[in-house]
Amino acid sequence: MNKNFVIGQYVKGDSYIYKIDPRVKIISILILMVSVFFLKSIVAILLFMAFVILILLTARISVIKAIKGIRPLLLLMIFIFFIQILINMNGPIVLDKEMTLSLLSIGIAVLLVLAYFMLLRYIKTKIILLFIILFLIYLSFRFVPGIPNIIKLFNFRVYKDGLMTSLYVLIRLVSIVLLSTILTISTTPSDLTLAFEWIFRPLKIFKINSEEIALIFTIALRYIPTIRDEAFKIMDAQASRGVDFKESIFFKKIKQIVSLLVPMFVISFERSDELADAMLSRNFVPGRPKTHYHQLMFRFSDLLVVIFSLLILGGSICIYILL
Amino acid sequence: MAINFKDVALSYDSKRKKVNFALKDINLEISQRDDFITIVGKTGSGKSSLVSMFNALKYPTSGDAFIYGIKIKEKHPRKIKYNPIRKRIGLVFQFPDYQLFEETVLKDVMFGPMNFGLKENEAKDEALKALKLVGLKKELYNKSPFELSGGEKKMASIAGILSSDPEIFILDEPTAGLDPFLRKELLELLTKLNKEYHKTIIIITHDMNISYEYSKRTIVLKEGHIIYDGDSKELFTRHKDLALSASLMLPDVVRITDEINARCGLNLKYLDNIDLIYKELKHE
């Protein structure tokens with residue numbers, strides 16, 4: 001098994017962004033995210049995006065990693081983009097095309113759908129493939145001259161406002177996701193939990209002990225690789241009894257997942273009991289104030305970071321009010 | 001030929017160029033029907049990895065590994081199902097907790113054969129046979145496997161593999177965590193399976209006494225290489241240096257006989273097991 005398995009997206013590095021106090025990092029990135037929502041014009045949002053990319057480049061964070069952070073949201077983004085284009089009908093028309101349906105284009109569309117399912121096995125980036133195929137289907141409806149031209153479907157129109165709003169929403173989403181990826185790439189999970197513990201300390205007024213919650217998170221994070229290894233072992237043990245986890249019928253699949261989950265839960269519960277006993281035997285008292293091996297240090301440069309992000313927030317609010 | 005490995009190597013991170021091999025230059029043949037093999041070596045010498053390759057759970061990074069004529073590879077041009085291999089080669093893992101999951105012991109033992117395509121009543125027959133063979137009490141058949149004691153769990157997990165009637169029966173450290181009586185019972189069961197049912201038994205163990213007293217053939221692994229593959233008794237009597245170099249402890253029989261020979265200036269033969277030595281001592 002992969003021994004250097006890391007939880008989260010953290011990548012080792014050594015640039016200024018790694019040296020900022022994690023508490024400051026979280027707070028200033030939250031401030032920056034809020035300020036995105038005050039930017040109404042597309043120019044301002046493009047400038048903001050440029051700023052985020054500037055951080056990305058100067059912090060020597062691998063761009064590929066950051067782009068990978070966007071990937072889970074890709075489908076949502078494309079969906080929002082097209083919905084915006086289709087629904088928003090204000091402003092001048094940019095594109096006006098007549099869609100026709102004919103036997104030939106239907107045939108081509110069916111063939112393309114078949115090709116999509118054939119190619120699925122060999123190509124990993126399914127979403128991109130899906131959209132290429134959908135685009136080709138669109139082209140087939142648009143340009144293939146119907147030999148018998150059966151039906152005129154509708155006029156495919158794109159309006160200027162729709163296009164602009166969808167671009168605007170897209171860029172805003174991308175810059176927010178990029179910001180959060182910068183945070184998770186440059187901060188270790190344990191630093192993050194420590195920082196959140198500090199940030200949520202005021203919750204003591206409501207009798208919520210942030211230290212305990214942070215401890216729960218730390219333990220959970222520590223056990224992810226262990227449980228992952230265990231899951232692999234259980235899968236091996238069940239595979240040698242004839243379970244095929246990769247491909248089978250739906251009803252069999254349920255049984256197979258049960259055969260993985262039950263041992264995993266049993267082992268995890270046993271382990272948590274043992275861990276609790278081991279902690280108690282080393283005189284752990286829940287709720288008692290603890291010291292930390294890693295101390296978070298607040299430095300002058302951190303103050304500058306907060307001031308800078310507050311300035312950006314102020315600037316964007318000014319733009320919002322003035323325009 | 002059941003298992004035939006040629007220059008097999010296995011590494012866990014194959015993407016990098018500098019690779020740490022878990023196993024290297026493995027040349028191995030296991031063909032005889034009623035063989036009794038032990039695989040020994042220090043922890044981390046690759047024993048478990050080797051055995052998981054026997055069951056097509058791991059695939060060689062390079063080299064050819066044939067199991068019952070099927071070449072095991074991660075990516076086959078045509079998808080080959082490894083279930084036939086897994087039916088003929090049963091693998092019992094060290095911790096029974098990794099496989100027990102059903103509501104009752106009987107159902108859990110039936111799980112294997114049903115996966116390999118037996119009908120419910122056939123699977124039940126096989127399961128009952130296996131449970132009887134391992135000597136679990138009848139009251140336990142309808143209990144939840146999680147209520148059993150450690151030793152009973154172990155036996156239930158062994159029955160879970162035996163029920164699919166494998167030709168080769170592999171056990172990963174079967175005696176770990178068992179009391180001496182259960183250990184003896186288990187080893188007698190394995191001998192019985194070997195002699196009466198003509199199954200090939202392969203055991204991974206740290207207990208050299210098992211290797212010396214029960215097995216015919218021993219495979220010694222050291223840092224991913226096979227350094228000895230041959231008769232068990234010869235390994236511990238003639239090639240002691242080799243055994244010691246792989247950080248193996250000599251079996252009790254050998255150590256006691258050596259000690260007696262050294263102290264009394266005798267030249268006694270190595271007996272088959274410790275009980276025989278005890279009897280001889282009582283005699284004189």
# chains A, B, ... in the order shown; residues from 1 in each chain; ligands from 1
>>> select_by_dssp(residues="region 54-171 of chain B", states="strand (DSSP E)", output="compact mmCIF listing (two decimals) with N, CA and C atoms, in the first residue's frame")
# COMPACT_ATOMS: atom_id res chain seq x y z
N SER B 62 6.92 -7.53 -12.40
CA SER B 62 7.56 -8.09 -13.59
C SER B 62 7.68 -9.59 -13.41
N GLY B 63 7.97 -10.28 -14.48
CA GLY B 63 8.06 -11.73 -14.40
C GLY B 63 6.73 -12.40 -14.71
N ASP B 64 6.77 -13.72 -14.83
CA ASP B 64 5.55 -14.46 -15.16
C ASP B 64 5.10 -15.27 -13.96
N ALA B 65 3.86 -15.10 -13.61
CA ALA B 65 3.30 -15.89 -12.52
C ALA B 65 2.10 -16.66 -13.05
N PHE B 66 2.24 -17.98 -13.10
CA PHE B 66 1.14 -18.81 -13.58
C PHE B 66 0.53 -19.55 -12.40
N ILE B 67 -0.78 -19.48 -12.30
CA ILE B 67 -1.47 -20.26 -11.28
C ILE B 67 -2.54 -21.08 -11.97
N ILE B 70 -3.23 -20.07 -15.46
CA ILE B 70 -3.68 -18.71 -15.75
C ILE B 70 -2.56 -17.74 -15.35
N LYS B 71 -2.21 -16.87 -16.28
CA LYS B 71 -1.16 -15.91 -15.96
C LYS B 71 -1.79 -14.74 -15.21
N ILE B 89 -7.53 -22.28 -4.56
CA ILE B 89 -6.53 -21.93 -3.55
C ILE B 89 -7.21 -21.11 -2.46
N GLY B 90 -7.34 -21.69 -1.29
CA GLY B 90 -8.00 -20.98 -0.19
C GLY B 90 -6.97 -20.27 0.66
N LEU B 91 -7.27 -19.04 1.04
CA LEU B 91 -6.32 -18.27 1.85
C LEU B 91 -7.00 -17.80 3.13
N VAL B 92 -6.44 -18.22 4.27
CA VAL B 92 -6.98 -17.78 5.56
C VAL B 92 -6.10 -16.66 6.09
N ILE B 168 -5.45 -26.19 -2.58
CA ILE B 168 -4.32 -25.69 -1.81
C ILE B 168 -4.87 -24.81 -0.71
N PHE B 169 -4.38 -25.02 0.49
CA PHE B 169 -4.95 -24.35 1.64
C PHE B 169 -3.84 -23.53 2.29
N ILE B 170 -3.94 -22.21 2.23
CA ILE B 170 -2.87 -21.35 2.73
C ILE B 170 -3.33 -20.69 4.02
N LEU B 171 -2.48 -20.69 5.04
CA LEU B 171 -2.83 -20.03 6.30
C LEU B 171 -1.74 -19.05 6.68
>>> interface_residues(of="chain B", to="chain A", cutoff="7 Å", atoms="only C-alpha atoms", output="ChimeraX atom specification")
/B:12-13,55,57,83,86,90-91,93,97-101,112,115-116,161
>>> write_last_selection(atoms="N, CA and C atoms", output="mmCIF file, in the first residue's frame")
data_model
loop_
_atom_site.group_PDB
_atom_site.id
_atom_site.type_symbol
_atom_site.label_atom_id
_atom_site.label_comp_id
_atom_site.auth_asym_id
_atom_site.auth_seq_id
_atom_site.Cartn_x
_atom_site.Cartn_y
_atom_site.Cartn_z
ATOM 1 N N TYR B 12 5.668 -2.014 -4.511
ATOM 2 C CA TYR B 12 4.417 -1.348 -4.180
ATOM 3 C C TYR B 12 4.263 0.010 -4.826
ATOM 4 N N ASP B 13 5.377 0.696 -5.121
ATOM 5 C CA ASP B 13 5.192 1.920 -5.899
ATOM 6 C C ASP B 13 5.910 1.767 -7.228
ATOM 7 N N ASN B 55 -2.952 -16.042 -4.489
ATOM 8 C CA ASN B 55 -4.405 -15.953 -4.538
ATOM 9 C C ASN B 55 -4.872 -14.882 -5.517
ATOM 10 N N LEU B 57 -4.414 -11.810 -5.463
ATOM 11 C CA LEU B 57 -4.844 -10.562 -4.831
ATOM 12 C C LEU B 57 -3.859 -9.458 -5.144
ATOM 13 N N ASN B 83 -11.709 -15.770 -9.942
ATOM 14 C CA ASN B 83 -12.443 -16.610 -9.013
ATOM 15 C C ASN B 83 -12.118 -18.098 -9.095
ATOM 16 N N ARG B 86 -9.210 -18.597 -6.990
ATOM 17 C CA ARG B 86 -9.488 -18.426 -5.569
ATOM 18 C C ARG B 86 -10.323 -19.559 -5.013
ATOM 19 N N GLY B 90 -7.337 -21.688 -1.288
ATOM 20 C CA GLY B 90 -7.996 -20.982 -0.189
ATOM 21 C C GLY B 90 -6.972 -20.274 0.663
ATOM 22 N N LEU B 91 -7.272 -19.042 1.041
ATOM 23 C CA LEU B 91 -6.323 -18.265 1.845
ATOM 24 C C LEU B 91 -7.004 -17.802 3.130
ATOM 25 N N PHE B 93 -6.690 -15.511 6.348
ATOM 26 C CA PHE B 93 -5.899 -14.383 6.828
ATOM 27 C C PHE B 93 -5.649 -14.499 8.325
ATOM 28 N N ASP B 97 -11.259 -11.338 12.257
ATOM 29 C CA ASP B 97 -12.181 -10.196 12.225
ATOM 30 C C ASP B 97 -12.325 -9.604 10.834
ATOM 31 N N TYR B 98 -11.318 -9.821 9.981
ATOM 32 C CA TYR B 98 -11.372 -9.239 8.653
ATOM 33 C C TYR B 98 -12.378 -9.929 7.747
ATOM 34 N N GLN B 99 -12.850 -11.107 8.112
ATOM 35 C CA GLN B 99 -13.757 -11.748 7.167
ATOM 36 C C GLN B 99 -15.120 -12.102 7.736
ATOM 37 N N LEU B 100 -15.253 -12.217 9.063
ATOM 38 C CA LEU B 100 -16.547 -12.593 9.621
ATOM 39 C C LEU B 100 -17.503 -11.415 9.533
ATOM 40 N N PHE B 101 -18.692 -11.639 8.995
ATOM 41 C CA PHE B 101 -19.638 -10.522 8.941
ATOM 42 C C PHE B 101 -21.086 -10.940 9.002
ATOM 43 N N GLY B 112 -18.652 -18.294 1.328
ATOM 44 C CA GLY B 112 -17.645 -18.612 0.310
ATOM 45 C C GLY B 112 -18.206 -19.491 -0.803
ATOM 46 N N ASN B 115 -20.568 -17.845 -3.133
ATOM 47 C CA ASN B 115 -19.920 -16.954 -4.085
ATOM 48 C C ASN B 115 -19.330 -17.725 -5.250
ATOM 49 N N PHE B 116 -18.887 -18.957 -4.965
ATOM 50 C CA PHE B 116 -18.285 -19.750 -6.027
ATOM 51 C C PHE B 116 -19.339 -20.539 -6.793
ATOM 52 N N ILE B 161 -13.135 -20.911 4.815
ATOM 53 C CA ILE B 161 -12.340 -21.175 3.609
ATOM 54 C C ILE B 161 -12.448 -22.645 3.218
#
>>> closest_residue(among="A:Val158, A:Phe300, A:Ile257, A:Arg222", to="Pro92 (chain A)", atoms="only C-alpha atoms")
A:Val158
>>> select_by_dssp(residues="region 36-144 of chain B", states="alpha helix (DSSP H)", output="VMD selection string")
chain B and resid 47 to 54 83 to 88 105 to 115 120 to 134
>>> write_last_selection(atoms="C-alpha atoms", output="mmCIF file, in the first residue's frame")
data_model
loop_
_atom_site.group_PDB
_atom_site.id
_atom_site.type_symbol
_atom_site.label_atom_id
_atom_site.label_comp_id
_atom_site.auth_asym_id
_atom_site.auth_seq_id
_atom_site.Cartn_x
_atom_site.Cartn_y
_atom_site.Cartn_z
ATOM 1 C CA LYS B 47 5.886 -13.654 3.096
ATOM 2 C CA SER B 48 2.394 -12.201 3.100
ATOM 3 C CA SER B 49 2.923 -10.504 -0.258
ATOM 4 C CA LEU B 50 4.049 -13.786 -1.788
ATOM 5 C CA VAL B 51 1.003 -15.571 -0.480
ATOM 6 C CA SER B 52 -1.401 -12.903 -1.703
ATOM 7 C CA MET B 53 0.053 -13.408 -5.158
ATOM 8 C CA PHE B 54 -0.819 -17.086 -4.902
ATOM 9 C CA ASN B 83 -12.443 -16.610 -9.013
ATOM 10 C CA PRO B 84 -11.526 -20.081 -10.340
ATOM 11 C CA ILE B 85 -8.051 -19.584 -8.852
ATOM 12 C CA ARG B 86 -9.488 -18.426 -5.569
ATOM 13 C CA LYS B 87 -11.795 -21.401 -5.403
ATOM 14 C CA ARG B 88 -8.907 -23.828 -5.829
ATOM 15 C CA VAL B 105 -21.522 -18.631 11.977
ATOM 16 C CA LEU B 106 -23.184 -21.101 9.624
ATOM 17 C CA LYS B 107 -24.207 -18.371 7.171
ATOM 18 C CA ASP B 108 -20.716 -16.935 7.259
ATOM 19 C CA VAL B 109 -19.190 -20.300 6.427
ATOM 20 C CA MET B 110 -21.721 -20.680 3.596
ATOM 21 C CA PHE B 111 -20.754 -17.313 2.129
ATOM 22 C CA GLY B 112 -17.645 -18.612 0.310
ATOM 23 C CA PRO B 113 -19.181 -21.596 -1.497
ATOM 24 C CA MET B 114 -22.221 -19.537 -2.509
ATOM 25 C CA ASN B 115 -19.920 -16.954 -4.085
ATOM 26 C CA GLU B 120 -27.943 -22.736 -0.941
ATOM 27 C CA ASN B 121 -28.529 -26.314 0.211
ATOM 28 C CA GLU B 122 -25.283 -27.547 -1.362
ATOM 29 C CA ALA B 123 -23.416 -24.723 0.313
ATOM 30 C CA LYS B 124 -25.070 -25.639 3.605
ATOM 31 C CA ASP B 125 -23.878 -29.238 3.299
ATOM 32 C CA GLU B 126 -20.343 -28.099 2.554
ATOM 33 C CA ALA B 127 -20.446 -25.641 5.431
ATOM 34 C CA LEU B 128 -21.647 -28.259 7.901
ATOM 35 C CA LYS B 129 -18.896 -30.601 6.741
ATOM 36 C CA ALA B 130 -16.258 -27.907 7.203
ATOM 37 C CA LEU B 131 -17.566 -26.887 10.615
ATOM 38 C CA LYS B 132 -17.532 -30.502 11.754
ATOM 39 C CA LEU B 133 -13.998 -30.895 10.468
ATOM 40 C CA VAL B 134 -12.639 -27.932 12.413
#
>>> residues_around(residues="Tyr116 (chain A)", least_positions_apart="6", cutoff="9 Å", atoms="only C-alpha atoms", output="list in words")
Leu129, Leu130 and Ile133 of chain A
>>> write_last_selection(atoms="N, CA and C atoms", output="CSV table (one decimal), in the first residue's frame")
chain,number,residue,atom,x,y,z
A,129,LEU,N,-15.4,14.1,-22.1
A,129,LEU,CA,-15.8,13.3,-23.2
A,129,LEU,C,-17.3,13.5,-23.4
A,130,LEU,N,-18.1,13.5,-22.3
A,130,LEU,CA,-19.5,13.7,-22.4
A,130,LEU,C,-19.8,15.0,-23.1
A,133,ILE,N,-19.1,14.9,-26.8
A,133,ILE,CA,-20.1,14.2,-27.5
A,133,ILE,C,-21.4,15.0,-27.7
>>> closest_residue(among="A:Lys12, A:Lys19, A:Arg60, A:Lys25", to="Ile199 (chain A)", atoms="only C-alpha atoms")
A:Lys25
>>> residues_around(residues="Asn273 (chain B)", least_positions_apart="2", cutoff="9 Å", atoms="only C-alpha atoms", output="PyMOL selection string")
chain B and resi 209+212-214+252-253+270-271+275-277
>>> atom_distance(atom1="CA of Gly44 (chain B)", atom2="CA of Ala9 (chain B)")
15.2 Å
>>> decode(residues="region 14-128 of chain A", atoms="C-alpha atoms", output="JSON list (two decimals), in the first residue's frame")
[["chain", "number", "residue", "atom", "x", "y", "z"],
["A", 14, "ASP", "CA", 8.32, 26.31, 1.48],
["A", 15, "SER", "CA", 7.05, 29.72, 0.44],
["A", 16, "TYR", "CA", 5.55, 32.70, 2.21],
["A", 17, "ILE", "CA", 2.06, 31.24, 2.14],
["A", 18, "TYR", "CA", 3.25, 28.25, 4.17],
["A", 19, "LYS", "CA", 4.67, 30.52, 6.82],
["A", 20, "ILE", "CA", 1.49, 32.49, 7.49],
["A", 21, "ASP", "CA", -0.21, 31.51, 10.74],
["A", 22, "PRO", "CA", -3.04, 29.09, 9.82],
["A", 23, "ARG", "CA", -5.57, 31.11, 11.84],
["A", 24, "VAL", "CA", -4.67, 34.20, 9.86],
["A", 25, "LYS", "CA", -4.79, 32.24, 6.64],
["A", 26, "ILE", "CA", -8.29, 30.96, 7.34],
["A", 27, "ILE", "CA", -9.61, 34.34, 8.42],
["A", 28, "SER", "CA", -8.09, 36.31, 5.55],
["A", 29, "ILE", "CA", -9.24, 33.79, 2.98],
["A", 30, "LEU", "CA", -12.75, 34.05, 4.42],
["A", 31, "ILE", "CA", -12.51, 37.83, 4.13],
["A", 32, "LEU", "CA", -11.37, 37.53, 0.50],
["A", 33, "MET", "CA", -14.23, 35.16, -0.27],
["A", 34, "VAL", "CA", -16.73, 37.60, 1.18],
["A", 35, "SER", "CA", -15.27, 40.43, -0.84],
["A", 36, "VAL", "CA", -15.82, 38.44, -4.06],
["A", 37, "PHE", "CA", -19.55, 38.85, -3.54],
["A", 38, "PHE", "CA", -19.32, 42.64, -3.56],
["A", 39, "LEU", "CA", -17.74, 42.68, -7.00],
["A", 40, "LYS", "CA", -20.53, 43.21, -9.50],
["A", 41, "SER", "CA", -18.77, 44.06, -12.75],
["A", 42, "ILE", "CA", -17.02, 41.52, -14.90],
["A", 43, "VAL", "CA", -13.84, 43.61, -15.07],
["A", 44, "ALA", "CA", -13.52, 43.71, -11.30],
["A", 45, "ILE", "CA", -14.07, 39.99, -10.97],
["A", 46, "LEU", "CA", -11.49, 39.33, -13.68],
["A", 47, "LEU", "CA", -9.03, 41.49, -11.77],
["A", 48, "PHE", "CA", -9.77, 39.54, -8.61],
["A", 49, "MET", "CA", -9.21, 36.27, -10.42],
["A", 50, "ALA", "CA", -5.89, 37.61, -11.69],
["A", 51, "PHE", "CA", -5.00, 38.45, -8.11],
["A", 52, "VAL", "CA", -5.81, 34.91, -6.96],
["A", 53, "ILE", "CA", -3.70, 33.46, -9.78],
["A", 54, "LEU", "CA", -0.91, 35.82, -8.78],
["A", 55, "ILE", "CA", -1.00, 34.40, -5.24],
["A", 56, "LEU", "CA", -0.99, 30.92, -6.70],
["A", 57, "LEU", "CA", 2.06, 31.59, -8.84],
["A", 58, "THR", "CA", 4.10, 33.54, -6.32],
["A", 59, "ALA", "CA", 3.41, 30.98, -3.59],
["A", 60, "ARG", "CA", 4.96, 28.33, -5.83],
["A", 61, "ILE", "CA", 1.92, 26.08, -5.50],
["A", 62, "SER", "CA", 1.63, 23.61, -8.31],
["A", 63, "VAL", "CA", -1.00, 24.95, -10.70],
["A", 64, "ILE", "CA", -1.99, 21.43, -11.72],
["A", 65, "LYS", "CA", -2.83, 20.59, -8.11],
["A", 66, "ALA", "CA", -4.91, 23.72, -7.78],
["A", 67, "ILE", "CA", -6.79, 22.96, -10.98],
["A", 68, "LYS", "CA", -7.46, 19.47, -9.67],
["A", 69, "GLY", "CA", -9.23, 21.17, -6.77],
["A", 70, "ILE", "CA", -11.70, 22.62, -9.26],
["A", 71, "ARG", "CA", -12.45, 19.30, -10.91],
["A", 72, "PRO", "CA", -15.12, 18.04, -8.47],
["A", 73, "LEU", "CA", -17.12, 21.19, -9.19],
["A", 74, "LEU", "CA", -16.63, 21.04, -12.95],
["A", 75, "LEU", "CA", -19.98, 19.41, -13.67],
["A", 76, "LEU", "CA", -21.82, 21.93, -11.48],
["A", 77, "MET", "CA", -20.03, 24.83, -13.18],
["A", 78, "ILE", "CA", -20.83, 23.67, -16.67],
["A", 79, "PHE", "CA", -24.43, 23.06, -15.64],
["A", 80, "ILE", "CA", -24.75, 26.58, -14.21],
["A", 81, "PHE", "CA", -23.11, 28.03, -17.32],
["A", 82, "PHE", "CA", -25.59, 26.42, -19.69],
["A", 83, "ILE", "CA", -28.61, 27.12, -17.50],
["A", 84, "GLN", "CA", -27.66, 30.79, -17.38],
["A", 85, "ILE", "CA", -27.23, 30.91, -21.14],
["A", 86, "LEU", "CA", -30.57, 29.22, -21.79],
["A", 87, "ILE", "CA", -32.67, 31.09, -19.24],
["A", 88, "ASN", "CA", -31.41, 34.66, -19.31],
["A", 89, "MET", "CA", -33.08, 36.39, -22.29],
["A", 90, "ASN", "CA", -32.11, 40.04, -21.85],
["A", 91, "GLY", "CA", -29.98, 42.22, -24.05],
["A", 92, "PRO", "CA", -29.09, 41.87, -27.72],
["A", 93, "ILE", "CA", -28.92, 38.49, -29.43],
["A", 94, "VAL", "CA", -25.40, 37.21, -29.95],
["A", 95, "LEU", "CA", -26.11, 33.93, -31.65],
["A", 96, "ASP", "CA", -29.19, 32.79, -33.55],
["A", 97, "LYS", "CA", -29.22, 29.39, -35.11],
["A", 98, "GLU", "CA", -31.98, 27.26, -36.49],
["A", 99, "MET", "CA", -32.07, 23.68, -35.18],
["A", 100, "THR", "CA", -33.42, 21.05, -37.49],
["A", 101, "LEU", "CA", -34.22, 17.41, -36.98],
["A", 102, "SER", "CA", -33.77, 14.89, -39.74],
["A", 103, "LEU", "CA", -33.32, 11.15, -40.07],
["A", 104, "LEU", "CA", -29.63, 11.60, -40.76],
["A", 105, "SER", "CA", -28.98, 13.79, -37.71],
["A", 106, "ILE", "CA", -30.93, 11.43, -35.44],
["A", 107, "GLY", "CA", -28.82, 8.58, -36.78],
["A", 108, "ILE", "CA", -25.61, 10.47, -36.14],
["A", 109, "ALA", "CA", -26.77, 11.36, -32.62],
["A", 110, "VAL", "CA", -27.56, 7.72, -31.80],
["A", 111, "LEU", "CA", -24.18, 6.65, -33.15],
["A", 112, "LEU", "CA", -22.43, 9.29, -31.07],
["A", 113, "VAL", "CA", -24.23, 8.17, -27.90],
["A", 114, "LEU", "CA", -23.15, 4.61, -28.62],
["A", 115, "ALA", "CA", -19.60, 5.81, -29.22],
["A", 116, "TYR", "CA", -19.71, 7.59, -25.87],
["A", 117, "PHE", "CA", -20.51, 4.37, -24.01],
["A", 118, "MET", "CA", -17.91, 2.47, -26.00],
["A", 119, "LEU", "CA", -15.21, 5.03, -25.22],
["A", 120, "LEU", "CA", -16.11, 5.21, -21.52],
["A", 121, "ARG", "CA", -14.07, 2.11, -20.83],
["A", 122, "TYR", "CA", -10.87, 3.54, -22.23],
["A", 123, "ILE", "CA", -11.00, 7.22, -21.32],
["A", 124, "LYS", "CA", -10.81, 8.46, -17.76],
["A", 125, "THR", "CA", -12.01, 12.05, -18.08],
["A", 126, "LYS", "CA", -15.65, 11.16, -18.54],
["A", 127, "ILE", "CA", -17.11, 14.64, -18.13],
["A", 128, "ILE", "CA", -14.98, 16.16, -20.87]]
